[in-house]
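Note sheet for the following structure.
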Amino acid sequence: MSKKTTPAGTRPNRNAPRAPRLAPGVAARLAATTALMAVLVDHRPLDSAIDATDGPFETLDPRERGLARAILGIALRRRGQIDDALSRFLDKALPRKSGPLPAILHVAAAQILFMDVPDHAAVSIAVETAEADRDARHFKGLVNAVLRRLTEQRDAILASQDEVRLNIPDWLYERWVKDYGAETTAKIAAAHLLEPSLDLSVKSDPEGWAEKLGGIVLPTGSVRLIAHGPIDALPGFAEGQWWVQDAAAALPAKLLGNVEGKDVADLCAAPGGKTAQLAAAGAKVMAVDISEPRLQRVRENLSRLKLQIGTIAADVETWDPGRLFDAILLDAPCSATGTMRRHPDVAVLKRPSDIKSLANLQSSLIARATSMLVSGGTLVYCTCSLERAEGEDQVALALASLPLVLEPIRPEEVGGLEAICREGFLRTLPSDLPNDEPRLTGLDGFFAARFRRL
Ligand SMILES: C[S@@+](CC[C@H](N)C(=O)[O-])C[C@H]1O[C@@H](n2cnc3c(N)ncnc32)[C@H](O)[C@@H]1O
């Protein structure tokens with residue numbers, strides 16, 4: 001048998017710096033631990049922690065990346081249950097100077113409680129991850145003891161937990177019970193525990209694309225698939241035939257009706273899902289966003305889709321377009337509490353005070369949008385929030401203070417789904433659109449209202 005050798009004619013350079021060797025599986029858990037710390041401690045969005053070019057995800061191979069992402073999804077989705085389970089074995093708070101110790105425990109507990117990972121691997125890799133950190137290494141013994149006890153008592157712990165209640169922060173639970181009632185809140189929370197489907201908006205032929213991609217066509221026209229593997233490897237991506245967009249997020253742009261040939265402003269446009277819909281429907285679109293880097297993503301997305309638009313990096317609160325538009329879509333910045341299925345980090349990142357300040361910003365943006373609209377023009381206001389303060393309350397404020405009348409939304413405009421058309425508004429909930437296959441169920445929580453300018 002031949003020995004492993006270096007390429008012919010070369011010798012190993014013994015002085016070259018070598019990347020530390022990690023046992024199999026450790027790199028993925030280290031990356032998950034680092035990203036979880038970024039979310040829990042630094043309050044950074046998960047996507048930015050994962051995408052950081054100098055972060056540990058950069059060096060992972062696709063399998064490790066997938067594993068790290070899956071662990072993070074569960075660690076955030078089921079954070080309440082994991083906290084509750086770990087607290088049963090910790091009689092005091094973890095010491096301050098323990099580095100990533102909390103994230104190491106959460107990453108391991110996510111695997112032990114909810115993933116098909118051998119217990120001994122989850123525990124020993126957690127101990128090894130602790131060993132790799134200057135501060136956490138002093139707590140190796142604690143990591144080992146707590147996690148072993150967790151493996152022993154897993155079934156009893158899970159049986160004793162109310163998974164629906166434990167995983168929603170108290171302040172959101174209280175708001176939702178007030179607005180939607182306890183039964184619907186429980187359904188929303190249950191929907192958050194499921195890995196969401198992959199929803200696509202297609203330029204044309206939804207049936208054909210559903211067949212090619214192995215998905216279904218929803219009553220609203222989106223194509224829905226069970227997500228797996230890299231998106232850019234799917235048929236039709238490179239050719240620009242479709243784009244990723246939650247089925248609920250695809251509804252507000254449709255509420256502008258026939259936009260062919262019309263001057264439409266898409267305010268707060270990035271990353272451009274709704275811009276693409278408007279451009280594909282033949283509108284002359286001006287996409288406006290405060291963030292130039294995010295606007296660059298709009299340009300890249302629209303260029304892949306071979307759709308023409310104009311773009312302007314500007315703050316809508318102060319931007320003066322110097323002309324009026326026939327129609328405006330205002331997808332305002334919001335708390336994003338409707339997207340917790342896709343972005344479970346929202347439960348960690350948002351606070352009640354955010355809703356207040358966002359609601360103030362939304363009122364100001366609606367007033368600005370109204371001032372850019374021709375008389376008789378249509379304004380669709382939407383947010384991906386479950387909070388009334390960012391939805392129904394904004395409508396009441398706008399109608400009381402601006403030259404706008406409400407144009408109620410009808411079920412036939414949203415795939416005939418009466419349940420998502422409430423009081424003339426679009427109000428989707430994560431628990432809407434159930435399917436026998438749980439991986440094909442649900443919608444992001446969206447609100448939309450349509451106005452006509454007087
Ligand atoms: C909910 S996202 C928009 C999603 C987008 N409409 C889509 O469908 O892909 C909100 C966007 O608002 C932008 N934004 C926040 N404040 C803004 C402001 N004052 N003026 C313009 N854009 C703003 C953010 O940069 C962000 O891209």
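Each chain of the structure tokens is named A, B, ... in the order shown, its residues numbered from 1; ligands are numbered from 1 in display order.
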- [ ] Let me have all residues with an atom within 7 Å of ligand 1, counting only C-alpha atoms and all ligand atoms, laid out as a ChimeraX atom specification.
- [x] /A:249,267-275,288-291,294,314-317,331-334,383-384
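With only C-alpha atoms taken into account, the protein and nucleic acid residues at most 12 Å from Ser204 (chain A) (excluding it and anything under 6 positions from it in its own chain) are Ala210, Gly221, Ser222, Val223, Gly236, Gly240, Gln241, Trp242, Trp243, Gln277, Ala280 and Ala281 of chain A.
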Within 10 Å of region 58-78 of chain A, which residues of region 301-397 of chain A come that close, and what is the closest atom pair and distance in Å for each? Count only C-alpha atoms and give it as JSON lines.
{"residue": "A:Met340", "atom": "CA", "partner": "A:Arg77", "partner_atom": "CA", "distance": 8.4}
{"residue": "A:Arg341", "atom": "CA", "partner": "A:Arg77", "partner_atom": "CA", "distance": 8.0}
{"residue": "A:Arg342", "atom": "CA", "partner": "A:Gly73", "partner_atom": "CA", "distance": 8.9}
{"residue": "A:His343", "atom": "CA", "partner": "A:Gly73", "partner_atom": "CA", "distance": 8.4}
{"residue": "A:Pro344", "atom": "CA", "partner": "A:Arg77", "partner_atom": "CA", "distance": 5.4}
{"residue": "A:Asp345", "atom": "CA", "partner": "A:Leu76", "partner_atom": "CA", "distance": 6.1}
{"residue": "A:Val346", "atom": "CA", "partner": "A:Leu76", "partner_atom": "CA", "distance": 9.2}
{"residue": "A:Ala347", "atom": "CA", "partner": "A:Leu76", "partner_atom": "CA", "distance": 8.1}
{"residue": "A:Val348", "atom": "CA", "partner": "A:Leu76", "partner_atom": "CA", "distance": 8.1}
Create the file for the chosen residues now, containing C-alpha atoms and written as a CSV table (one decimal), in the first residue's frame.
chain,number,residue,atom,x,y,z
A,340,MET,CA,-39.9,34.5,12.7
A,341,ARG,CA,-40.3,31.2,10.9
A,342,ARG,CA,-37.6,32.3,8.4
A,343,HIS,CA,-35.7,34.5,10.9
A,344,PRO,CA,-35.9,33.0,14.3
A,345,ASP,CA,-33.3,35.5,15.5
A,346,VAL,CA,-36.0,38.2,15.5
A,347,ALA,CA,-37.2,36.8,18.8
A,348,VAL,CA,-33.8,37.7,20.3
Spatial neighbours of region 433-437 of chain A, max dist 12 Å, only C-alpha atoms, sep filter under 6 positions, as a PDB file with N, CA and C atoms, in the first residue's frame:
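Printed below is result.pdb as written:
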ATOM      1  N   LYS A 187     -51.298  28.758  17.707  1.00  0.00           N
ATOM      2  CA  LYS A 187     -51.067  28.252  16.343  1.00  0.00           C
ATOM      3  C   LYS A 187     -49.883  28.978  15.690  1.00  0.00           C
ATOM      4  N   ILE A 188     -49.801  30.290  15.937  1.00  0.00           N
ATOM      5  CA  ILE A 188     -48.674  31.065  15.383  1.00  0.00           C
ATOM      6  C   ILE A 188     -47.362  30.513  15.947  1.00  0.00           C
ATOM      7  N   ALA A 190     -46.774  27.601  17.188  1.00  0.00           N
ATOM      8  CA  ALA A 190     -46.494  26.243  16.701  1.00  0.00           C
ATOM      9  C   ALA A 190     -45.888  26.319  15.290  1.00  0.00           C
ATOM     10  N   ALA A 191     -46.392  27.263  14.483  1.00  0.00           N
ATOM     11  CA  ALA A 191     -45.864  27.411  13.114  1.00  0.00           C
ATOM     12  C   ALA A 191     -44.388  27.837  13.150  1.00  0.00           C
ATOM     13  N   LEU A 194     -41.614  25.121  12.919  1.00  0.00           N
ATOM     14  CA  LEU A 194     -41.382  24.337  11.696  1.00  0.00           C
ATOM     15  C   LEU A 194     -40.385  25.035  10.785  1.00  0.00           C
ATOM     16  N   GLU A 195     -39.558  24.243  10.152  1.00  0.00           N
ATOM     17  CA  GLU A 195     -38.651  24.755   9.110  1.00  0.00           C
ATOM     18  C   GLU A 195     -39.518  25.188   7.928  1.00  0.00           C
ATOM     19  N   PRO A 196     -39.449  26.459   7.488  1.00  0.00           N
ATOM     20  CA  PRO A 196     -40.370  26.892   6.427  1.00  0.00           C
ATOM     21  C   PRO A 196     -40.018  26.323   5.045  1.00  0.00           C
ATOM     22  N   SER A 197     -41.026  26.372   4.174  1.00  0.00           N
ATOM     23  CA  SER A 197     -40.833  25.922   2.796  1.00  0.00           C
ATOM     24  C   SER A 197     -39.991  26.947   2.034  1.00  0.00           C
ATOM     25  N   GLY A 215     -42.481  20.878  -6.918  1.00  0.00           N
ATOM     26  CA  GLY A 215     -43.223  21.635  -5.901  1.00  0.00           C
ATOM     27  C   GLY A 215     -44.709  21.670  -6.185  1.00  0.00           C
ATOM     28  N   ILE A 216     -45.398  22.586  -5.531  1.00  0.00           N
ATOM     29  CA  ILE A 216     -46.837  22.764  -5.749  1.00  0.00           C
ATOM     30  C   ILE A 216     -47.081  24.240  -6.087  1.00  0.00           C
ATOM     31  N   LEU A 218     -49.403  27.355  -5.193  1.00  0.00           N
ATOM     32  CA  LEU A 218     -50.352  27.816  -4.176  1.00  0.00           C
ATOM     33  C   LEU A 218     -51.496  28.572  -4.840  1.00  0.00           C
ATOM     34  N   PRO A 219     -52.641  28.708  -4.144  1.00  0.00           N
ATOM     35  CA  PRO A 219     -53.760  29.439  -4.745  1.00  0.00           C
ATOM     36  C   PRO A 219     -53.386  30.877  -5.114  1.00  0.00           C
ATOM     37  N   THR A 220     -52.364  31.415  -4.474  1.00  0.00           N
ATOM     38  CA  THR A 220     -51.962  32.801  -4.737  1.00  0.00           C
ATOM     39  C   THR A 220     -50.994  32.915  -5.919  1.00  0.00           C
ATOM     40  N   ARG A 224     -44.245  26.486  -4.395  1.00  0.00           N
ATOM     41  CA  ARG A 224     -43.719  26.129  -3.071  1.00  0.00           C
ATOM     42  C   ARG A 224     -43.007  24.786  -3.122  1.00  0.00           C
ATOM     43  N   LEU A 225     -41.797  24.750  -2.557  1.00  0.00           N
ATOM     44  CA  LEU A 225     -41.005  23.511  -2.533  1.00  0.00           C
ATOM     45  C   LEU A 225     -40.560  23.221  -1.111  1.00  0.00           C
ATOM     46  N   ILE A 226     -40.202  21.968  -0.874  1.00  0.00           N
ATOM     47  CA  ILE A 226     -39.522  21.648   0.384  1.00  0.00           C
ATOM     48  C   ILE A 226     -38.059  22.024   0.161  1.00  0.00           C
ATOM     49  N   ALA A 247     -44.572  33.419   0.042  1.00  0.00           N
ATOM     50  CA  ALA A 247     -45.855  33.572  -0.660  1.00  0.00           C
ATOM     51  C   ALA A 247     -46.644  34.770  -0.135  1.00  0.00           C
ATOM     52  N   ALA A 248     -46.528  35.081   1.152  1.00  0.00           N
ATOM     53  CA  ALA A 248     -47.250  36.250   1.684  1.00  0.00           C
ATOM     54  C   ALA A 248     -46.594  37.539   1.198  1.00  0.00           C
ATOM     55  N   GLY A 415     -55.979  35.132  -4.223  1.00  0.00           N
ATOM     56  CA  GLY A 415     -56.158  33.693  -4.424  1.00  0.00           C
ATOM     57  C   GLY A 415     -57.448  33.152  -3.832  1.00  0.00           C
ATOM     58  N   GLY A 416     -58.425  34.035  -3.562  1.00  0.00           N
ATOM     59  CA  GLY A 416     -59.697  33.568  -3.005  1.00  0.00           C
ATOM     60  C   GLY A 416     -59.590  33.169  -1.532  1.00  0.00           C
ATOM     61  N   LEU A 417     -58.478  33.510  -0.896  1.00  0.00           N
ATOM     62  CA  LEU A 417     -58.292  33.081   0.500  1.00  0.00           C
ATOM     63  C   LEU A 417     -58.969  34.080   1.445  1.00  0.00           C
ATOM     64  N   GLU A 418     -60.196  33.740   1.828  1.00  0.00           N
ATOM     65  CA  GLU A 418     -60.948  34.673   2.691  1.00  0.00           C
ATOM     66  C   GLU A 418     -60.247  34.878   4.019  1.00  0.00           C
ATOM     67  N   ALA A 419     -59.598  33.822   4.516  1.00  0.00           N
ATOM     68  CA  ALA A 419     -59.002  33.890   5.856  1.00  0.00           C
ATOM     69  C   ALA A 419     -57.919  34.956   5.958  1.00  0.00           C
ATOM     70  N   ILE A 420     -57.272  35.288   4.821  1.00  0.00           N
ATOM     71  CA  ILE A 420     -56.169  36.257   4.927  1.00  0.00           C
ATOM     72  C   ILE A 420     -56.624  37.670   4.561  1.00  0.00           C
ATOM     73  N   LEU A 443     -47.304  30.731   6.162  1.00  0.00           N
ATOM     74  CA  LEU A 443     -47.028  31.966   5.416  1.00  0.00           C
ATOM     75  C   LEU A 443     -46.304  32.909   6.373  1.00  0.00           C
ATOM     76  N   ASP A 444     -45.514  33.812   5.854  1.00  0.00           N
ATOM     77  CA  ASP A 444     -45.001  34.869   6.732  1.00  0.00           C
ATOM     78  C   ASP A 444     -46.183  35.724   7.187  1.00  0.00           C
ATOM     79  N   GLY A 445     -46.040  36.349   8.334  1.00  0.00           N
ATOM     80  CA  GLY A 445     -47.088  37.244   8.814  1.00  0.00           C
ATOM     81  C   GLY A 445     -46.931  38.600   8.143  1.00  0.00           C
TER      82      GLY A 445
END
Task: Option closest in space to Val41 (chain A), from A:Pro102, A:Ala85, A:Arg148, A:Pro235 [counting only C-alpha atoms] - done: A:Pro102
Open item on the list: As an exercise, work out the distance from CA of Lys254 (chain A) to CA of Arg297 (chain A) in Å and give it to one decimal place.
Closed with: 22.2 Å
Task: For Pro56 (chain A): contacts at 9 Å, only C-alpha atoms, fewer than 2 positions along chain excluded, given as a list in words - done: Ala27, Ala28, Leu30, Ala31, Ala32, Thr34, Ala35, Ile50, Ala52, Thr53, Asp54, Glu58, Thr59 and Leu60 of chain A
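Secondary structure from DSSP on the backbone puts strand (DSSP E) at the following positions of region 162-208 of chain A: Leu198, Asp199, Leu200, Ser201 and Val202 of chain A.
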Task: Between CA of Thr428 (chain A) and CA of Gly377 (chain A) - distance in Å to one decimal - done: 25.1 Å
- [ ] Check region 38-132 of chain A with DSSP on the backbone and list each residue it calls helix (DSSP H, G or I), as a PyMOL selection string.
- [x] chain A and resi 38-40+46-51+56-59+62-77+79-87+101-114+119-131
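Comparing the minimum interatomic distances between Asp266 (chain A) and each of A:Ala227, A:Leu302, A:Ala49, A:Ile309, counting only C-alpha atoms, we find that A:Ile309 sits nearest.
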TODO: Would you work out the distance separating CA of Asp135 (chain A) from CA of Lys97 (chain A), expressed in Å to one decimal?
DONE: 6.5 Å
For region 321-324 of chain A, find every residue with an atom within 7 Å (counting only C-alpha atoms), except residues of its own chain fewer than 4 positions away, and show them as an mmCIF file with C-alpha atoms, in the first residue's frame.
data_model
loop_
_atom_site.group_PDB
_atom_site.id
_atom_site.type_symbol
_atom_site.label_atom_id
_atom_site.label_comp_id
_atom_site.auth_asym_id
_atom_site.auth_seq_id
_atom_site.Cartn_x
_atom_site.Cartn_y
_atom_site.Cartn_z
ATOM 1 C CA MET A 372 -45.376 61.707 -3.987
ATOM 2 C CA LEU A 373 -48.614 60.314 -5.421
ATOM 3 C CA VAL A 374 -50.839 61.764 -8.180
#
Task: Distance query Arg88 (chain A) at most 10 Å, only C-alpha atoms, self and fewer than 6 positions along chain excluded, as a VMD selection string - done: chain A and resid 146 149 to 150 157
TODO: Pick out the residues sitting within 12 Å of Asp162 (chain A), and hand them over as JSON, numbers by chain; count only C-alpha atoms, and ignore anything fewer than 3 positions along from it in its own chain.
DONE: {"A": [78, 80, 81, 82, 84, 85, 157, 158, 159, 165, 166, 167, 168, 186, 189, 190]}
Open item on the list: Under the rule that only C-alpha atoms are counted, which of A:Asp354, A:Val285, A:Phe237, A:Thr339 is the nearest residue to Asn301 (chain A)?
Closed with: A:Phe237
